[in-house]
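Following: one structure in structure tokens, then a few remarks.
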Amino acid sequence: MYVAMLLFRVLHIFAGVMWVGGVMMIAFFIQPAVRGTGPAGGQVMGYLLTKTPIAAYFPAVAGINVLAGLFLFWRNVSAGGHWAGTRAGMTISMGAAAAVIGFIIGGAMIGRSMGEIAKVLSVAQGAGGPPQGEAAAKMAAAQARILLGTKIVLPLLVIAVITMAIGRYM
Ligand code: HEM
């Protein structure tokens, strides 16, 4: 169990770093750059969504973080001593809840919209040009959902990081 705990802690924290770091990079650098560079930005977004595994990256790292976190949670709760009712347990539980809500909203708003944009772009690329008319409107709506989703998910992940960082000392 000790080795399993060490392994799940490494998986949990590594995946958490990759998840939060990735969302921050998108929110503070990639989204502003894509929005600020017009058609060129659209091409970069298109390449990211159709030629790189970015749409699989976030469900993978977030999923590993949450699953490993659930294991750590179970380990602490099943160790007795009413861990979940302690200040440390309640603090980490709050962060865990924020991260799980972020995971669900991220999947529903960001993940699904990325998939929609990738579909629109691959059809447009097949037709030899940028999306037009209804397809362009669909892409713009999906981009707006990604932007809104990022604005909701990022604060939730920040809450998770802060509570995880201070939890054991409460
Ligand atoms: C953005 C997401 C998250 C990040 C960055 C993160 C990060 C961390 C870090 C750095 C620790 C170590 C704290 C320490 O030992 O002082 C930790 C511990 C813990 N995390 Fe998370 N976490 C996240 C989400 C979650 C989720 C979703 C769960 C549960 C479903 C969870 C459950 C736990 C538990 C139970 C511990 C205590 C482990 C122990 O006692 O050894 N975390 N987390």
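Labels for the structure tokens follow display order: chains A, B, ..., residues from 1 in each chain, ligands from 1.
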Any idea what's packed within 9 Å of Gly102 of chain A, counting only C-alpha atoms, ignoring anything in its chain fewer than 6 positions away? Could you give it as a PyMOL selection string? chain A and resi 152-157
With N, CA, C and O atoms retained, could you export that selection as a PDB file, in the first residue's frame?
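Result file is result_10.pdb:
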```pdb
ATOM      1  N   ILE A 152     -14.532  29.763 -16.515  1.00  0.00           N
ATOM      2  CA  ILE A 152     -15.185  29.092 -15.375  1.00  0.00           C
ATOM      3  C   ILE A 152     -14.227  28.070 -14.742  1.00  0.00           C
ATOM      4  O   ILE A 152     -14.085  28.001 -13.529  1.00  0.00           O
ATOM      5  N   VAL A 153     -13.542  27.288 -15.593  1.00  0.00           N
ATOM      6  CA  VAL A 153     -12.711  26.187 -15.098  1.00  0.00           C
ATOM      7  C   VAL A 153     -11.453  26.686 -14.373  1.00  0.00           C
ATOM      8  O   VAL A 153     -11.083  26.151 -13.322  1.00  0.00           O
ATOM      9  N   LEU A 154     -10.809  27.739 -14.923  1.00  0.00           N
ATOM     10  CA  LEU A 154      -9.534  28.180 -14.343  1.00  0.00           C
ATOM     11  C   LEU A 154      -9.638  28.550 -12.855  1.00  0.00           C
ATOM     12  O   LEU A 154      -8.848  28.061 -12.038  1.00  0.00           O
ATOM     13  N   PRO A 155     -10.604  29.388 -12.435  1.00  0.00           N
ATOM     14  CA  PRO A 155     -10.712  29.689 -10.987  1.00  0.00           C
ATOM     15  C   PRO A 155     -10.942  28.425 -10.140  1.00  0.00           C
ATOM     16  O   PRO A 155     -10.414  28.319  -9.040  1.00  0.00           O
ATOM     17  N   LEU A 156     -11.699  27.466 -10.683  1.00  0.00           N
ATOM     18  CA  LEU A 156     -11.941  26.218  -9.938  1.00  0.00           C
ATOM     19  C   LEU A 156     -10.625  25.465  -9.721  1.00  0.00           C
ATOM     20  O   LEU A 156     -10.365  24.949  -8.637  1.00  0.00           O
ATOM     21  N   LEU A 157      -9.779  25.449 -10.765  1.00  0.00           N
ATOM     22  CA  LEU A 157      -8.494  24.755 -10.638  1.00  0.00           C
ATOM     23  C   LEU A 157      -7.558  25.498  -9.685  1.00  0.00           C
ATOM     24  O   LEU A 157      -6.791  24.881  -8.948  1.00  0.00           O
TER      25      LEU A 157
END
```
As a CSV table (one decimal) with all heavy atoms, in the first residue's frame, please: every protein or nucleic acid residue near ligand 1 (cut-off 8 Å, counting only C-alpha atoms and all ligand atoms).
```csv
chain,number,residue,atom,x,y,z
A,5,MET,N,0.7,4.2,-2.7
A,5,MET,CA,0.4,5.6,-2.3
A,5,MET,C,1.4,6.5,-2.9
A,5,MET,O,1.0,7.5,-3.5
A,5,MET,CB,0.5,5.7,-0.7
A,5,MET,CG,0.1,7.0,-0.1
A,5,MET,SD,1.5,8.2,-0.1
A,5,MET,CE,2.4,7.4,1.2
A,9,ARG,N,0.5,9.3,-5.6
A,9,ARG,CA,0.8,10.7,-5.3
A,9,ARG,C,1.5,11.3,-6.5
A,9,ARG,O,1.2,12.5,-6.9
A,9,ARG,CB,1.6,10.8,-4.0
A,9,ARG,CG,0.8,11.0,-2.8
A,9,ARG,CD,1.7,11.1,-1.6
A,9,ARG,NE,2.3,12.4,-1.5
A,9,ARG,CZ,1.8,13.5,-0.9
A,9,ARG,NH1,0.6,13.5,-0.4
A,9,ARG,NH2,2.5,14.7,-0.9
A,12,HIS,N,-0.9,11.8,-9.3
A,12,HIS,CA,-1.8,12.8,-9.0
A,12,HIS,C,-1.2,14.2,-9.2
A,12,HIS,O,-1.8,15.0,-9.9
A,12,HIS,CB,-2.3,12.6,-7.6
A,12,HIS,CG,-3.3,13.6,-7.1
A,12,HIS,ND1,-4.5,13.7,-7.6
A,12,HIS,CD2,-3.2,14.6,-6.1
A,12,HIS,CE1,-5.1,14.7,-7.0
A,12,HIS,NE2,-4.4,15.2,-6.1
A,13,ILE,N,-0.1,14.4,-8.6
A,13,ILE,CA,0.5,15.7,-8.6
A,13,ILE,C,1.1,16.1,-10.0
A,13,ILE,O,0.9,17.2,-10.5
A,13,ILE,CB,1.5,15.9,-7.5
A,13,ILE,CG1,0.9,15.7,-6.1
A,13,ILE,CG2,2.3,17.2,-7.6
A,13,ILE,CD1,1.8,15.6,-5.0
A,15,ALA,N,0.0,14.9,-12.9
A,15,ALA,CA,-1.1,15.1,-13.9
A,15,ALA,C,-1.8,16.5,-13.5
A,15,ALA,O,-2.2,17.2,-14.4
A,15,ALA,CB,-2.1,14.0,-13.8
A,16,GLY,N,-1.8,16.8,-12.2
A,16,GLY,CA,-2.4,18.1,-11.8
A,16,GLY,C,-1.6,19.3,-12.3
A,16,GLY,O,-2.2,20.2,-12.8
A,17,VAL,N,-0.3,19.1,-12.2
A,17,VAL,CA,0.6,20.2,-12.8
A,17,VAL,C,0.4,20.4,-14.3
A,17,VAL,O,0.2,21.5,-14.8
A,17,VAL,CB,2.1,19.8,-12.5
A,17,VAL,CG1,3.0,20.7,-13.3
A,17,VAL,CG2,2.4,19.9,-11.0
A,19,TRP,N,-2.3,19.5,-16.0
A,19,TRP,CA,-3.7,20.0,-16.2
A,19,TRP,C,-3.8,21.5,-16.0
A,19,TRP,O,-4.1,22.3,-16.9
A,19,TRP,CB,-4.6,19.3,-15.3
A,19,TRP,CG,-6.1,19.6,-15.4
A,19,TRP,CD1,-6.7,20.3,-16.5
A,19,TRP,CD2,-7.1,19.2,-14.5
A,19,TRP,NE1,-8.1,20.4,-16.2
A,19,TRP,CE2,-8.3,19.7,-15.0
A,19,TRP,CE3,-7.1,18.5,-13.3
A,19,TRP,CZ2,-9.6,19.5,-14.4
A,19,TRP,CZ3,-8.3,18.3,-12.6
A,19,TRP,CH2,-9.5,18.8,-13.2
A,20,VAL,N,-3.4,22.0,-14.8
A,20,VAL,CA,-3.5,23.4,-14.5
A,20,VAL,C,-2.6,24.3,-15.4
A,20,VAL,O,-3.0,25.3,-15.9
A,20,VAL,CB,-3.3,23.7,-13.0
A,20,VAL,CG1,-3.4,25.1,-12.6
A,20,VAL,CG2,-4.2,22.8,-12.1
A,62,ALA,N,-6.4,15.4,-16.8
A,62,ALA,CA,-7.4,15.7,-15.8
A,62,ALA,C,-8.0,14.4,-15.2
A,62,ALA,O,-8.1,14.2,-14.0
A,62,ALA,CB,-8.5,16.5,-16.4
A,65,ASN,N,-5.4,12.8,-12.9
A,65,ASN,CA,-5.4,13.5,-11.6
A,65,ASN,C,-6.6,13.2,-10.7
A,65,ASN,O,-6.4,12.9,-9.5
A,65,ASN,CB,-5.4,15.0,-11.9
A,65,ASN,CG,-5.6,15.9,-10.7
A,65,ASN,OD1,-6.7,16.2,-10.3
A,65,ASN,ND2,-4.5,16.2,-10.0
A,66,VAL,N,-7.8,13.2,-11.3
A,66,VAL,CA,-9.0,12.9,-10.5
A,66,VAL,C,-9.0,11.4,-10.0
A,66,VAL,O,-9.3,11.2,-8.8
A,66,VAL,CB,-10.2,13.2,-11.3
A,66,VAL,CG1,-11.5,12.7,-10.6
A,66,VAL,CG2,-10.3,14.7,-11.6
A,67,LEU,N,-8.6,10.5,-10.9
A,67,LEU,CA,-8.7,9.1,-10.5
A,67,LEU,C,-7.6,8.8,-9.4
A,67,LEU,O,-7.9,8.2,-8.4
A,67,LEU,CB,-8.4,8.2,-11.7
A,67,LEU,CG,-9.6,8.0,-12.7
A,67,LEU,CD1,-9.2,7.2,-13.9
A,67,LEU,CD2,-10.8,7.5,-12.0
A,68,ALA,N,-6.4,9.4,-9.6
A,68,ALA,CA,-5.4,9.2,-8.5
A,68,ALA,C,-5.8,9.9,-7.2
A,68,ALA,O,-5.6,9.4,-6.1
A,68,ALA,CB,-4.0,9.7,-9.0
A,69,GLY,N,-6.4,11.1,-7.4
A,69,GLY,CA,-6.9,11.8,-6.2
A,69,GLY,C,-8.0,11.0,-5.5
A,69,GLY,O,-8.0,10.9,-4.2
A,70,LEU,N,-8.9,10.3,-6.2
A,70,LEU,CA,-9.9,9.5,-5.6
A,70,LEU,C,-9.2,8.3,-4.8
A,70,LEU,O,-9.7,8.0,-3.7
A,70,LEU,CB,-10.9,9.0,-6.6
A,70,LEU,CG,-11.8,10.0,-7.2
A,70,LEU,CD1,-12.6,9.4,-8.4
A,70,LEU,CD2,-12.8,10.5,-6.1
A,71,PHE,N,-8.2,7.8,-5.4
A,71,PHE,CA,-7.5,6.7,-4.7
A,71,PHE,C,-6.9,7.3,-3.3
A,71,PHE,O,-7.0,6.6,-2.3
A,71,PHE,CB,-6.3,6.1,-5.5
A,71,PHE,CG,-5.4,5.2,-4.7
A,71,PHE,CD1,-5.8,3.8,-4.6
A,71,PHE,CD2,-4.3,5.6,-4.1
A,71,PHE,CE1,-5.0,3.0,-3.8
A,71,PHE,CE2,-3.5,4.8,-3.4
A,71,PHE,CZ,-3.9,3.4,-3.2
A,72,LEU,N,-6.2,8.4,-3.4
A,72,LEU,CA,-5.6,9.0,-2.2
A,72,LEU,C,-6.7,9.3,-1.2
A,72,LEU,O,-6.5,9.2,0.0
A,72,LEU,CB,-4.9,10.3,-2.6
A,72,LEU,CG,-3.6,10.1,-3.5
A,72,LEU,CD1,-3.1,11.4,-4.0
A,72,LEU,CD2,-2.5,9.3,-2.8
A,73,PHE,N,-7.8,9.8,-1.7
A,73,PHE,CA,-9.0,10.1,-0.9
A,73,PHE,C,-9.4,8.8,-0.1
A,73,PHE,O,-9.6,8.8,1.1
A,73,PHE,CB,-10.1,10.6,-1.7
A,73,PHE,CG,-11.0,11.6,-1.1
A,73,PHE,CD1,-10.7,13.0,-1.2
A,73,PHE,CD2,-12.1,11.2,-0.3
A,73,PHE,CE1,-11.5,13.9,-0.5
A,73,PHE,CE2,-12.9,12.1,0.3
A,73,PHE,CZ,-12.6,13.5,0.2
A,74,TRP,N,-9.6,7.8,-0.9
A,74,TRP,CA,-10.1,6.5,-0.3
A,74,TRP,C,-9.1,6.0,0.7
A,74,TRP,O,-9.5,5.5,1.8
A,74,TRP,CB,-10.3,5.5,-1.5
A,74,TRP,CG,-10.4,4.1,-0.9
A,74,TRP,CD1,-11.5,3.5,-0.4
A,74,TRP,CD2,-9.4,3.1,-0.9
A,74,TRP,NE1,-11.2,2.2,0.0
A,74,TRP,CE2,-10.0,1.9,-0.3
A,74,TRP,CE3,-8.1,3.0,-1.3
A,74,TRP,CZ2,-9.2,0.8,-0.1
A,74,TRP,CZ3,-7.3,1.9,-1.1
A,74,TRP,CH2,-7.9,0.8,-0.5
A,75,ARG,N,-7.8,6.1,0.4
A,75,ARG,CA,-6.8,5.7,1.3
A,75,ARG,C,-6.9,6.4,2.6
A,75,ARG,O,-6.8,5.8,3.7
A,75,ARG,CB,-5.4,5.9,0.6
A,75,ARG,CG,-4.2,5.4,1.5
A,75,ARG,CD,-2.9,5.8,0.9
A,75,ARG,NE,-1.9,5.7,2.0
A,75,ARG,CZ,-1.6,6.8,2.7
A,75,ARG,NH1,-2.2,7.9,2.5
A,75,ARG,NH2,-0.7,6.7,3.7
A,76,ASN,N,-7.0,7.7,2.5
A,76,ASN,CA,-7.1,8.5,3.8
A,76,ASN,C,-8.4,8.2,4.6
A,76,ASN,O,-8.4,8.1,5.8
A,76,ASN,CB,-7.0,10.0,3.4
A,76,ASN,CG,-5.6,10.4,3.1
A,76,ASN,OD1,-4.7,9.7,3.3
A,76,ASN,ND2,-5.5,11.6,2.5
A,89,GLY,N,-8.7,17.3,6.0
A,89,GLY,CA,-9.6,16.6,5.1
A,89,GLY,C,-10.6,17.4,4.5
A,89,GLY,O,-10.9,17.3,3.3
A,92,ILE,N,-8.9,19.7,1.8
A,92,ILE,CA,-8.6,18.9,0.5
A,92,ILE,C,-9.9,18.5,-0.2
A,92,ILE,O,-10.0,18.5,-1.4
A,92,ILE,CB,-7.7,17.8,0.9
A,92,ILE,CG1,-6.3,18.3,1.2
A,92,ILE,CG2,-7.6,16.8,-0.3
A,92,ILE,CD1,-5.2,17.3,1.3
A,93,SER,N,-10.9,18.2,0.6
A,93,SER,CA,-12.2,17.8,0.0
A,93,SER,C,-12.8,19.0,-0.8
A,93,SER,O,-13.3,18.8,-1.9
A,93,SER,CB,-13.2,17.4,1.0
A,93,SER,OG,-12.7,16.3,1.8
A,95,GLY,N,-11.1,21.3,-2.3
A,95,GLY,CA,-10.3,21.4,-3.5
A,95,GLY,C,-10.6,20.3,-4.5
A,95,GLY,O,-10.7,20.6,-5.7
A,96,ALA,N,-10.8,19.1,-4.0
A,96,ALA,CA,-11.2,18.0,-4.8
A,96,ALA,C,-12.5,18.2,-5.5
A,96,ALA,O,-12.7,18.0,-6.7
A,96,ALA,CB,-11.2,16.7,-4.0
A,97,ALA,N,-13.5,18.8,-4.8
A,97,ALA,CA,-14.8,19.1,-5.3
A,97,ALA,C,-14.7,20.1,-6.4
A,97,ALA,O,-15.2,20.0,-7.5
A,97,ALA,CB,-15.7,19.6,-4.3
A,98,ALA,N,-13.9,21.2,-6.2
A,98,ALA,CA,-13.7,22.2,-7.2
A,98,ALA,C,-13.1,21.6,-8.5
A,98,ALA,O,-13.5,21.9,-9.6
A,98,ALA,CB,-12.8,23.3,-6.6
A,99,ALA,N,-12.1,20.7,-8.3
A,99,ALA,CA,-11.4,20.1,-9.5
A,99,ALA,C,-12.3,19.2,-10.2
A,99,ALA,O,-12.3,19.2,-11.5
A,99,ALA,CB,-10.2,19.4,-9.0
A,100,VAL,N,-13.1,18.4,-9.5
A,100,VAL,CA,-14.1,17.5,-10.2
A,100,VAL,C,-15.1,18.3,-11.0
A,100,VAL,O,-15.5,18.0,-12.1
A,100,VAL,CB,-14.7,16.6,-9.2
A,100,VAL,CG1,-15.9,15.8,-9.8
A,100,VAL,CG2,-13.7,15.6,-8.6
A,157,LEU,N,-9.8,25.4,-10.8
A,157,LEU,CA,-8.5,24.8,-10.6
A,157,LEU,C,-7.6,25.5,-9.7
A,157,LEU,O,-6.8,24.9,-8.9
A,157,LEU,CB,-7.9,24.6,-12.0
A,157,LEU,CG,-8.6,23.7,-13.0
A,157,LEU,CD1,-7.8,23.5,-14.3
A,157,LEU,CD2,-8.9,22.3,-12.4
A,158,VAL,N,-7.7,26.8,-9.7
A,158,VAL,CA,-6.8,27.6,-8.7
A,158,VAL,C,-7.2,27.3,-7.3
A,158,VAL,O,-6.4,27.1,-6.4
A,158,VAL,CB,-6.9,29.1,-9.1
A,158,VAL,CG1,-6.3,29.9,-7.9
A,158,VAL,CG2,-6.3,29.4,-10.4
A,160,ALA,N,-8.5,24.5,-6.3
A,160,ALA,CA,-7.9,23.1,-6.1
A,160,ALA,C,-6.4,23.2,-5.7
A,160,ALA,O,-6.0,22.6,-4.7
A,160,ALA,CB,-8.1,22.3,-7.3
A,161,VAL,N,-5.7,24.0,-6.4
A,161,VAL,CA,-4.2,24.1,-6.2
A,161,VAL,C,-4.0,24.7,-4.8
A,161,VAL,O,-3.2,24.1,-4.0
A,161,VAL,CB,-3.5,24.9,-7.3
A,161,VAL,CG1,-2.1,25.2,-6.9
A,161,VAL,CG2,-3.6,24.2,-8.6
A,164,MET,N,-5.1,22.2,-2.0
A,164,MET,CA,-4.2,21.1,-2.0
A,164,MET,C,-2.8,21.5,-1.3
A,164,MET,O,-2.2,20.7,-0.6
A,164,MET,CB,-3.9,20.5,-3.4
A,164,MET,CG,-5.2,19.9,-4.0
A,164,MET,SD,-5.7,18.4,-3.3
A,164,MET,CE,-7.4,18.4,-3.8
A,165,ALA,N,-2.4,22.7,-1.6
A,165,ALA,CA,-1.1,23.2,-1.1
A,165,ALA,C,-1.1,23.4,0.4
A,165,ALA,O,-0.1,23.1,1.1
A,165,ALA,CB,-0.7,24.5,-1.8
A,166,ILE,N,-2.2,23.9,0.9
A,166,ILE,CA,-2.3,24.2,2.4
A,166,ILE,C,-3.0,23.1,3.2
A,166,ILE,O,-2.8,23.1,4.4
A,166,ILE,CB,-3.0,25.6,2.6
A,166,ILE,CG1,-4.4,25.5,2.2
A,166,ILE,CG2,-2.2,26.7,1.9
A,166,ILE,CD1,-5.2,26.7,2.6
A,167,GLY,N,-3.7,22.2,2.5
A,167,GLY,CA,-4.6,21.2,3.2
A,167,GLY,C,-3.9,20.6,4.4
A,167,GLY,O,-4.5,20.6,5.5
A,168,ARG,N,-2.8,20.0,4.3
A,168,ARG,CA,-2.2,19.1,5.3
A,168,ARG,C,-1.8,20.0,6.5
A,168,ARG,O,-1.6,19.4,7.6
A,168,ARG,CB,-1.0,18.4,4.8
A,168,ARG,CG,0.2,19.2,4.6
A,168,ARG,CD,1.5,18.6,4.3
A,168,ARG,NE,1.5,17.5,3.4
A,168,ARG,CZ,2.1,16.3,3.6
A,168,ARG,NH1,2.6,16.1,4.8
A,168,ARG,NH2,2.0,15.4,2.7
A,169,TYR,N,-1.7,21.3,6.4
A,169,TYR,CA,-1.3,22.2,7.5
A,169,TYR,C,-2.5,22.8,8.2
A,169,TYR,O,-2.2,23.7,9.1
A,169,TYR,CB,-0.3,23.2,7.0
A,169,TYR,CG,0.9,22.6,6.3
A,169,TYR,CD1,0.9,22.6,4.9
A,169,TYR,CD2,1.9,21.9,7.0
A,169,TYR,CE1,2.0,21.9,4.2
A,169,TYR,CE2,2.9,21.2,6.3
A,169,TYR,CZ,2.9,21.3,4.9
A,169,TYR,OH,3.9,20.6,4.3
```
Near Leu49 of chain A, counting only C-alpha atoms, which residues have an atom at most 10 Å away, once you skip same-chain residues fewer than 4 positions from it, shown as a list in words?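 Residues meeting the cut-off are Gln43, Val44, Met45, Pro53, Ile54, Ala55, Ala56, Met114, Gly115, Glu116, Ile117, Ala118, Lys119, Leu121 and Ser122 of chain A.
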As a ChimeraX atom specification, list the residues of segment 77-134 of chain A assigned to alpha helix (DSSP H) by DSSP on the backbone atoms of this structure. /A:77-78,87-105,112-126,133-134
